[in-house]
Amino acid sequence: NNLFNVRDAIRIVNTKLTPVSGFEEGRIYNGYRFVFPLLYEDNHVGSVEISISIATLIDSLYTIEPNGGYFFIIKSEVVSALVFEAYLTGYFETALSDDYLYDRLVYDQFNQRRTIFPGNQIEDYFRLIRPNVTMGLSDEASFYHVQRIENQFYTTQFINIKNIAGNHVGYILSTFRDQVYRDIVVQDIVVYTFITLFYAIGYIGLFIYIHDKRRIVSLSQVDQLTSLWNRPYFNK
């Protein structure tokens, strides 16, 4: 079995004799593949590949920023079309969408390492944001969502993963407490408050000015003893 019907990378490299790199789901494992044609005395004899697992990528993200939460989800139709039936138990549903699955090995490997929404709390968070990210997931493009919980803001980034053929197959998720966004919101509130106060003071001042002007005009045209129009009024 040359795997041409399963592995696009192997098919392209061994038919076009050109290097290929990108994400690819296999019968058992997935990851980023770097595949090269293998030549001996200018004759094509096969191919050689180096793979980097999704777990290695997520491990690097935790090394860079340990306070975040990082996940990999893959389209369920990709898994059902390629993975051996005996290995389908290696995937399970995410609360984010019915169309995506977790890779169990990747999820379990970092579940204890995650400090934000530890344990099953992350699924509660994903259920909370699900209505707001459904459209983004259906677009199959990178996007982000900011969720406010009490006085804290959380940002979840959805980084689009395409396979070697250029088709969307999943996402890398990054969830973190967004202090920068919170500061921006606080600054906006302060600015809007000052603007509101400025206009409020302006309107009050204008009201007082108009009221006083009318009072002065009334005093100049009405006799204060009789409350009748005085001479300046009739002269006018």
# chains A, B, ... in the order shown; residues from 1 in each chain; ligands from 1

$ residues_around --residues "region 106-110 of chain A" --least-positions-apart "5" --cutoff "10 Å" --atoms "only C-alpha atoms" --output "list in words"
Ser53, Ile54, Ala55, Thr56, Ile58, Asp59, Tyr62, Gly69, Tyr70, Phe71, Phe72, Ile73, Gly90, Tyr91 and Phe92 of chain A

$ closest_residue --among "A:Glu65, A:Ile149, A:Phe34, A:Leu137" --to "Arg113 (chain A)" --atoms "only C-alpha atoms"
A:Glu65

$ select_by_dssp --residues "region 50-109 of chain A" --states "strand (DSSP E or B)" --output "PyMOL selection string"
chain A and resi 50-52+69-75+91-94+97-103

$ residues_around --residues "region 120-136 of chain A" --least-positions-apart "5" --cutoff "12 Å" --atoms "only C-alpha atoms" --output "ChimeraX atom specification"
/A:68-71,93-100,102,107-108,111-112,114-115,141-149,154-160,171,173-176

$ atom_distance --atom1 "CA of Ile164 (chain A)" --atom2 "CA of Asp8 (chain A)"
7.0 Å

$ residues_around --residues "Asn14 (chain A)" --least-positions-apart "3" --cutoff "12 Å" --atoms "only C-alpha atoms" --output "mmCIF file with N, CA and C atoms, in the first residue's frame"
data_model
loop_
_atom_site.group_PDB
_atom_site.id
_atom_site.type_symbol
_atom_site.label_atom_id
_atom_site.label_comp_id
_atom_site.auth_asym_id
_atom_site.auth_seq_id
_atom_site.Cartn_x
_atom_site.Cartn_y
_atom_site.Cartn_z
ATOM 1 N N ASN A 2 0.820 2.051 -1.066
ATOM 2 C CA ASN A 2 1.667 3.244 -1.138
ATOM 3 C C ASN A 2 1.050 4.450 -0.443
ATOM 4 N N LEU A 3 -0.153 4.297 0.125
ATOM 5 C CA LEU A 3 -0.832 5.342 0.902
ATOM 6 C C LEU A 3 -1.237 6.551 0.070
ATOM 7 N N PHE A 4 -1.192 6.439 -1.260
ATOM 8 C CA PHE A 4 -1.533 7.583 -2.103
ATOM 9 C C PHE A 4 -2.971 8.052 -1.883
ATOM 10 N N ARG A 7 -2.581 9.678 2.080
ATOM 11 C CA ARG A 7 -1.580 10.695 2.375
ATOM 12 C C ARG A 7 -1.265 11.513 1.129
ATOM 13 N N ASP A 8 -1.852 12.713 1.053
ATOM 14 C CA ASP A 8 -1.589 13.596 -0.087
ATOM 15 C C ASP A 8 -0.116 13.946 -0.200
ATOM 16 N N ALA A 9 0.539 14.123 0.947
ATOM 17 C CA ALA A 9 1.951 14.492 0.926
ATOM 18 C C ALA A 9 2.788 13.437 0.226
ATOM 19 N N ILE A 10 2.548 12.167 0.554
ATOM 20 C CA ILE A 10 3.320 11.084 -0.071
ATOM 21 C C ILE A 10 3.013 10.990 -1.556
ATOM 22 N N ARG A 11 1.750 11.166 -1.910
ATOM 23 C CA ARG A 11 1.373 11.097 -3.325
ATOM 24 C C ARG A 11 2.041 12.214 -4.138
ATOM 25 N N LEU A 17 7.811 14.689 -7.504
ATOM 26 C CA LEU A 17 9.204 14.793 -7.055
ATOM 27 C C LEU A 17 9.527 16.190 -6.533
ATOM 28 N N THR A 18 8.617 16.728 -5.740
ATOM 29 C CA THR A 18 8.812 18.045 -5.149
ATOM 30 C C THR A 18 8.541 17.975 -3.646
ATOM 31 N N PRO A 19 9.294 18.678 -2.819
ATOM 32 C CA PRO A 19 9.067 18.648 -1.372
ATOM 33 C C PRO A 19 7.696 19.219 -1.015
ATOM 34 N N VAL A 20 7.114 18.687 0.049
ATOM 35 C CA VAL A 20 5.806 19.136 0.516
ATOM 36 C C VAL A 20 5.849 19.260 2.034
ATOM 37 N N VAL A 35 7.936 16.349 3.923
ATOM 38 C CA VAL A 35 8.228 15.163 3.105
ATOM 39 C C VAL A 35 9.082 15.574 1.905
ATOM 40 N N PHE A 36 10.111 14.761 1.630
ATOM 41 C CA PHE A 36 11.052 15.079 0.559
ATOM 42 C C PHE A 36 11.232 13.858 -0.353
ATOM 43 N N PRO A 37 11.392 14.080 -1.648
ATOM 44 C CA PRO A 37 11.677 12.958 -2.551
ATOM 45 C C PRO A 37 13.085 12.413 -2.298
ATOM 46 N N LEU A 38 13.221 11.125 -2.427
ATOM 47 C CA LEU A 38 14.504 10.471 -2.194
ATOM 48 C C LEU A 38 15.055 9.978 -3.525
ATOM 49 N N LEU A 39 16.250 10.459 -3.869
ATOM 50 C CA LEU A 39 16.868 10.122 -5.152
ATOM 51 C C LEU A 39 18.192 9.412 -4.918
ATOM 52 N N ASN A 43 17.937 8.819 -9.751
ATOM 53 C CA ASN A 43 16.755 7.972 -9.905
ATOM 54 C C ASN A 43 15.877 8.070 -8.652
ATOM 55 N N HIS A 44 14.580 8.219 -8.882
ATOM 56 C CA HIS A 44 13.656 8.319 -7.766
ATOM 57 C C HIS A 44 13.469 6.944 -7.129
ATOM 58 N N VAL A 45 13.752 6.875 -5.827
ATOM 59 C CA VAL A 45 13.646 5.588 -5.140
ATOM 60 C C VAL A 45 12.634 5.620 -3.985
ATOM 61 N N GLY A 46 12.066 6.773 -3.706
ATOM 62 C CA GLY A 46 11.087 6.828 -2.624
ATOM 63 C C GLY A 46 11.008 8.219 -2.018
ATOM 64 N N SER A 47 10.669 8.287 -0.749
ATOM 65 C CA SER A 47 10.549 9.564 -0.053
ATOM 66 C C SER A 47 10.936 9.388 1.405
ATOM 67 N N VAL A 48 11.248 10.506 2.040
ATOM 68 C CA VAL A 48 11.595 10.506 3.457
ATOM 69 C C VAL A 48 10.860 11.677 4.107
ATOM 70 N N GLU A 49 10.425 11.497 5.355
ATOM 71 C CA GLU A 49 9.673 12.576 5.997
ATOM 72 C C GLU A 49 10.066 12.772 7.448
#

$ atom_distance --atom1 "CA of Arg33 (chain A)" --atom2 "CA of Leu57 (chain A)"
12.7 Å

$ atom_distance --atom1 "CA of Leu101 (chain A)" --atom2 "CA of Phe153 (chain A)"
25.8 Å
